[in-house]
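Next comes my_file_26.pdb, with PDB, C-alpha atoms.
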ATOM      1  CA  MET J  24       4.303  19.669   5.701
ATOM      2  CA  THR J  25       4.070  16.068   6.793
ATOM      3  CA  GLU J  26       5.707  13.433   4.605
ATOM      4  CA  ILE J  27       3.809  10.195   4.042
ATOM      5  CA  ILE J  28       5.630   7.354   2.319
ATOM      6  CA  LEU J  29       3.612   4.552   0.725
ATOM      7  CA  VAL J  30       5.464   1.264   0.216
ATOM      8  CA  ARG J  31       3.968  -1.639  -1.677
ATOM      9  CA  HIS J  32       4.875  -4.989  -0.131
ATOM     10  CA  GLY J  33       7.523  -7.269  -1.644
ATOM     11  CA  GLU J  34       6.622 -10.116  -3.975
ATOM     12  CA  ALA J  35       4.101 -12.457  -2.347
ATOM     13  CA  SER J  36       4.689 -16.198  -2.131
ATOM     14  CA  ALA J  37       1.264 -16.887  -3.708
ATOM     15  CA  SER J  38      -1.148 -15.083  -6.018
ATOM     16  CA  TRP J  39      -4.428 -13.451  -5.031
ATOM     17  CA  GLN J  40      -6.382 -16.489  -6.241
ATOM     18  CA  GLU J  41      -4.127 -18.968  -4.413
ATOM     19  CA  SER J  42      -4.135 -17.485  -0.899
ATOM     20  CA  THR J  43      -5.962 -14.806   1.060
ATOM     21  CA  ASP J  44      -2.872 -13.933   3.112
ATOM     22  CA  PRO J  45       0.467 -15.126   1.734
ATOM     23  CA  GLY J  46       3.783 -14.036   3.170
ATOM     24  CA  LEU J  47       6.739 -12.958   1.068
ATOM     25  CA  SER J  48       8.524 -15.137  -1.463
ATOM     26  CA  GLU J  49      12.334 -15.432  -1.332
ATOM     27  CA  LEU J  50      12.516 -12.637  -3.902
ATOM     28  CA  GLY J  51      10.039 -10.614  -1.823
ATOM     29  CA  GLU J  52      12.299 -11.005   1.226
ATOM     30  CA  ARG J  53      15.252  -9.617  -0.754
ATOM     31  CA  GLN J  54      13.113  -6.782  -2.138
ATOM     32  CA  ALA J  55      11.966  -5.874   1.384
ATOM     33  CA  GLU J  56      15.570  -5.828   2.632
ATOM     34  CA  GLU J  57      16.665  -3.561  -0.263
ATOM     35  CA  CYS J  58      13.654  -1.307   0.328
ATOM     36  CA  ALA J  59      14.476  -0.965   4.030
ATOM     37  CA  ASN J  60      18.048   0.000   3.119
ATOM     38  CA  LEU J  61      16.756   2.676   0.720
ATOM     39  CA  LEU J  62      14.379   4.044   3.348
ATOM     40  CA  LEU J  63      17.251   4.271   5.848
ATOM     41  CA  ASN J  64      18.749   6.994   3.622
ATOM     42  CA  ILE J  65      15.808   9.337   4.296
ATOM     43  CA  ASN J  66      16.808  12.166   6.596
ATOM     44  CA  GLY J  67      15.141  11.671   9.988
ATOM     45  CA  ILE J  68      13.647   8.259   9.120
ATOM     46  CA  ASN J  69      14.138   7.180  12.728
ATOM     47  CA  LYS J  70      11.414   9.708  13.683
ATOM     48  CA  TYR J  71       8.857   8.373  11.196
ATOM     49  CA  GLU J  72       5.930   6.323  12.400
ATOM     50  CA  LEU J  73       5.827   2.861  10.814
ATOM     51  CA  VAL J  74       2.400   1.522   9.867
ATOM     52  CA  SER J  75       1.425  -1.714   8.131
ATOM     53  CA  SER J  76      -1.576  -3.445   6.721
ATOM     54  CA  PRO J  77      -2.450  -6.493   8.858
ATOM     55  CA  LEU J  78      -1.638  -8.842   5.967
ATOM     56  CA  LYS J  79       1.531 -10.956   6.192
ATOM     57  CA  ARG J  80       3.251  -9.693   3.048
ATOM     58  CA  ALA J  81       2.970  -6.066   4.208
ATOM     59  CA  ILE J  82       4.016  -6.866   7.795
ATOM     60  CA  GLU J  83       7.011  -8.890   6.578
ATOM     61  CA  THR J  84       8.044  -5.995   4.317
ATOM     62  CA  GLY J  85       7.678  -3.402   7.076
ATOM     63  CA  SER J  86       9.452  -5.603   9.609
ATOM     64  CA  LYS J  87      12.741  -5.175   7.749
ATOM     65  CA  LEU J  88      12.763  -1.423   8.426
ATOM     66  CA  GLU J  89      11.337  -1.917  11.918
ATOM     67  CA  GLU J  90      14.287  -4.184  12.809
ATOM     68  CA  LYS J  91      16.881  -1.777  11.402
ATOM     69  CA  LEU J  92      15.397   1.175  13.274
ATOM     70  CA  LYS J  93      14.571  -0.832  16.378
ATOM     71  CA  GLY J  94      11.182   0.809  15.976
ATOM     72  CA  ASN J  95       7.592  -0.239  16.343
ATOM     73  CA  LEU J  96       5.488  -1.365  13.358
ATOM     74  CA  ASN J  97       1.880  -0.402  14.064
ATOM     75  CA  ILE J  98      -0.781  -2.554  12.396
ATOM     76  CA  ASN J  99      -3.715  -0.644  10.912
ATOM     77  CA  SER J 100      -6.522  -2.516   9.176
ATOM     78  CA  SER J 101      -7.458   0.626   7.220
ATOM     79  CA  PHE J 102      -4.526  -0.116   4.927
ATOM     80  CA  ALA J 103      -5.500  -3.751   4.188
ATOM     81  CA  GLU J 104      -6.103  -4.895   0.610
ATOM     82  CA  ILE J 105      -9.437  -4.204  -1.095
ATOM     83  CA  PRO J 106     -12.212  -6.337   0.452
ATOM     84  CA  SER J 107     -13.725  -9.091  -1.691
ATOM     85  CA  PRO J 108     -16.550 -10.505   0.461
ATOM     86  CA  GLY J 109     -18.368 -13.474  -1.010
ATOM     87  CA  ILE J 110     -15.818 -13.940  -3.807
ATOM     88  CA  SER J 111     -14.324 -17.432  -3.904
ATOM     89  CA  LEU J 112     -10.552 -17.839  -3.964
ATOM     90  CA  GLU J 113     -10.596 -19.134  -7.547
ATOM     91  CA  ASP J 114     -12.748 -16.174  -8.710
ATOM     92  CA  ARG J 115     -10.745 -13.452  -6.960
ATOM     93  CA  GLN J 116      -8.298 -12.759  -9.813
ATOM     94  CA  THR J 117     -11.121 -12.271 -12.328
ATOM     95  CA  TRP J 118     -13.017 -10.084  -9.851
ATOM     96  CA  LEU J 119      -9.915  -7.974  -9.216
ATOM     97  CA  ARG J 120      -9.318  -7.473 -12.959
ATOM     98  CA  GLU J 121     -12.903  -6.203 -13.245
ATOM     99  CA  ILE J 122     -12.251  -3.730 -10.418
ATOM    100  CA  PHE J 123      -9.244  -2.394 -12.361
ATOM    101  CA  ASN J 124     -11.596  -1.093 -15.047
ATOM    102  CA  LYS J 125     -14.116   0.511 -12.706
ATOM    103  CA  LYS J 126     -14.618   4.105 -11.737
ATOM    104  CA  ILE J 127     -14.926   5.053  -8.085
ATOM    105  CA  SER J 128     -18.642   5.720  -8.587
ATOM    106  CA  ASP J 129     -19.091   2.068  -9.704
ATOM    107  CA  LEU J 130     -17.876   0.593  -6.420
ATOM    108  CA  LYS J 131     -20.161  -1.512  -4.284
ATOM    109  CA  LYS J 132     -20.664  -0.647  -0.616
ATOM    110  CA  PRO J 133     -17.796  -2.714   0.926
ATOM    111  CA  GLN J 134     -15.239  -1.299  -1.503
ATOM    112  CA  ALA J 135     -16.645   2.263  -1.316
ATOM    113  CA  GLU J 136     -16.440   2.192   2.504
ATOM    114  CA  TRP J 137     -12.921   0.717   2.308
ATOM    115  CA  ARG J 138     -11.844   3.577   0.016
ATOM    116  CA  LYS J 139     -13.421   6.252   2.213
ATOM    117  CA  ASN J 140     -11.743   4.806   5.310
ATOM    118  CA  ILE J 141      -8.299   4.886   3.638
ATOM    119  CA  ILE J 142      -8.686   8.531   2.651
ATOM    120  CA  ASP J 143      -9.975   9.466   6.115
ATOM    121  CA  LYS J 144      -6.945   7.779   7.728
ATOM    122  CA  ILE J 145      -4.503   9.581   5.423
ATOM    123  CA  TRP J 146      -6.015  12.920   6.446
ATOM    124  CA  GLN J 147      -5.641  11.966  10.130
ATOM    125  CA  ILE J 148      -1.868  11.436   9.859
ATOM    126  CA  GLU J 149      -0.031  14.205  11.707
ATOM    127  CA  ASN J 150       3.543  12.881  11.859
ATOM    128  CA  PRO J 151       5.956  11.680   9.162
ATOM    129  CA  THR J 152       4.829   8.124   8.407
ATOM    130  CA  VAL J 153       5.800   5.116   6.304
ATOM    131  CA  ILE J 154       2.854   2.888   5.346
ATOM    132  CA  PHE J 155       3.502  -0.666   4.126
ATOM    133  CA  SER J 156       0.508  -1.684   2.085
ATOM    134  CA  HIS J 157      -0.921  -2.954  -1.202
ATOM    135  CA  PHE J 158      -1.420  -2.171  -4.885
ATOM    136  CA  MET J 159      -5.074  -1.135  -4.563
ATOM    137  CA  VAL J 160      -4.523   0.904  -1.382
ATOM    138  CA  ILE J 161      -1.730   2.868  -3.028
ATOM    139  CA  ASN J 162      -3.916   3.377  -6.113
ATOM    140  CA  THR J 163      -6.731   4.647  -3.931
ATOM    141  CA  ILE J 164      -4.474   7.253  -2.341
ATOM    142  CA  VAL J 165      -2.655   8.270  -5.533
ATOM    143  CA  GLY J 166      -5.956   8.459  -7.449
ATOM    144  CA  TYR J 167      -7.445  10.650  -4.718
ATOM    145  CA  VAL J 168      -4.461  13.013  -4.776
ATOM    146  CA  LYS J 169      -4.489  13.182  -8.594
ATOM    147  CA  LYS J 170      -8.304  13.572  -8.634
ATOM    148  CA  ASP J 171      -8.482  10.527 -10.910
ATOM    149  CA  GLU J 172     -11.831   8.713 -10.860
ATOM    150  CA  SER J 173     -10.270   5.417 -12.033
ATOM    151  CA  MET J 174      -9.685   2.632  -9.526
ATOM    152  CA  VAL J 175      -6.263   1.990 -11.056
ATOM    153  CA  CYS J 176      -4.192   4.955 -12.205
ATOM    154  CA  PHE J 177      -0.739   3.652 -11.264
ATOM    155  CA  TYR J 178       0.944   0.227 -11.275
ATOM    156  CA  PRO J 179       3.302   0.294  -8.265
ATOM    157  CA  ASP J 180       5.984  -2.380  -8.409
ATOM    158  CA  ASN J 181       6.837  -4.561  -5.436
ATOM    159  CA  CYS J 182       8.557  -2.389  -2.804
ATOM    160  CA  SER J 183       7.761   0.728  -4.825
ATOM    161  CA  ILE J 184       8.200   3.887  -2.715
ATOM    162  CA  THR J 185       5.696   6.713  -3.315
ATOM    163  CA  LYS J 186       6.031   9.977  -1.386
ATOM    164  CA  LEU J 187       3.296  12.425  -0.443
ATOM    165  CA  ASN J 188       3.418  15.778   1.326
ATOM    166  CA  LYS J 189       0.377  16.662   3.424
ATOM    167  CA  SER J 190      -0.513  20.046   4.851
ATOM    168  CA  ASN J 191      -3.667  20.897   6.791
ATOM    169  CA  ASP J 192      -5.706  21.315   3.628
ATOM    170  CA  GLU J 193      -3.798  19.644   0.762
ATOM    171  CA  ILE J 194      -2.007  16.467  -0.157
ATOM    172  CA  HIS J 195       0.598  16.626  -2.908
ATOM    173  CA  LEU J 196       2.291  13.816  -4.766
ATOM    174  CA  ALA J 197       6.013  14.436  -4.243
ATOM    175  CA  ASN J 198       7.309  11.315  -5.966
ATOM    176  CA  LEU J 199       5.567   8.420  -7.700
ATOM    177  CA  GLY J 200       7.264   5.092  -6.993
ATOM    178  CA  SER J 201       8.600   2.615  -9.542
ATOM    179  CA  GLU J 202       6.039   0.998 -11.843
ATOM    180  CA  LEU J 203       5.241  -2.683 -12.157
ATOM    181  CA  SER J 204       6.821  -4.621 -14.986
ATOM    182  CA  SER J 205       5.298  -8.023 -14.172
ATOM    183  CA  LYS J 206       1.993  -9.529 -13.046
ATOM    184  CA  ILE J 207       0.235  -8.592  -9.813
ATOM    185  CA  ASN J 208       0.181 -11.224  -7.071
TER
END
Could you spell out this file's structure in structure tokens?
Amino acid sequence: MTEIILVRHGEASASWQESTDPGLSELGERQAEECANLLLNINGINKYELVSSPLKRAIETGSKLEEKLKGNLNINSSFAEIPSPGISLEDRQTWLREIFNKKISDLKKPQAEWRKNIIDKIWQIENPTVIFSHFMVINTIVGYVKKDESMVCFYPDNCSITKLNKSNDEIHLANLGSELSSKIN
């Protein structure tokens, strides 16, 4: 079995409709530090590969663990947030809320390809890995594992830690991370 840990980034310094790539807020920085300290308690964590979305808030979250382990945070665009081509900044929040209510079969081509790419990358992982990513990416993976056709089946909180176990032919949800109690940003 290969363990895959999905970590949602810490609180962003701006909402989805205010910035396409915000870094972490002060609270997000503290959350990322606490998350890194929790991850350090995992047996053998120093042997895990560290992967991040290319977006600032995910990189800044993953960097906390990278520094503590003196490791290498690998950037992988497959784990970037859901694409919203042609959607203006001010319309992004409304668009995202509409996506929340969709089924996988309702996705348009950019989002369907994004989803397929995420699942393909998860299946390609061969070593224990921590992935620092986003709400919709984590939902895509958890939904796939649970065979849930909804785009949103779980509301991971900032720095939520979800654990998967992958064998050659199955992926199991070992532990669902903490759930969101506030708005998504």
8 Å contact set for region 156-173 of chain J, only C-alpha atoms, chain neighbours under 6 positions out, as a list of chain:residue names
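Surrounding residues, per the criterion: J:Leu29, J:Val30, J:Arg31, J:His32, J:Ser75, J:Ser76, J:Ala81, J:Phe102, J:Ala103, J:Glu104, J:Ile105, J:Phe123, J:Asn124, J:Lys125, J:Lys126, J:Ile127, J:Ser128, J:Arg138, J:Ile141, J:Ile142, J:Pro179, J:Ile194, J:His195, J:Leu196.
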Enter the distance from CA of Lys144 (chain J) to CA of Ser183 (chain J), in Å, rounded to one decimal.
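CA of Ser183 (chain J) lies at a distance of 20.6 Å from CA of Lys144 (chain J).
Minimum distance to Pro108 (chain J) across J:Ile154, J:Lys189, J:Thr43, J:Lys91 (counting only C-alpha atoms) occurs at J:Thr43.
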List the residues matched by the PyMOL selection byres ((chain J and resi 58) around 10) in the displayed structure as an NGL selection string, ordered by chain and then by residue number.
:J and (30-33 or 52-57 or 59-63 or 84-85 or 87-88 or 181-184)
Just give me the gap between CA of Glu89 (chain J) and CA of Asp44 (chain J) in Å, one decimal is fine.
20.6 Å
Would you mind listing what lies within 9 Å of region 64-68 of chain J as a tab-separated table (two decimals) with C-alpha atoms, in the coordinates of the input, with only C-alpha atoms counted and same-chain residues fewer than 6 positions away left out?
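Saved as part-v4.tsv:
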chain	number	residue	atom	x	y	z
J	92	LEU	CA	15.40	1.18	13.27
J	151	PRO	CA	5.96	11.68	9.16
J	152	THR	CA	4.83	8.12	8.41
J	153	VAL	CA	5.80	5.12	6.30
Could you give me, as a PyMOL selection string, the residues that have an atom at most 9 Å away from the point (3.7, 14.0, 0.2) in the coordinates of the file, using all atoms listed in the file?
chain J and resi 24-28+185-190+194-198
For the structure provided, state which residues fall under the PyMOL selection byres ((chain J and resi 115-118) around 12), and present them as a PyMOL selection string.
chain J and resi 38-43+105-114+119-125+206-208
Counting all atoms listed in the file, which of J:Pro133, J:Gly46, J:Gly200, J:Gly51 gets nearest to Arg80 (chain J)?
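Closest candidate: J:Gly46.
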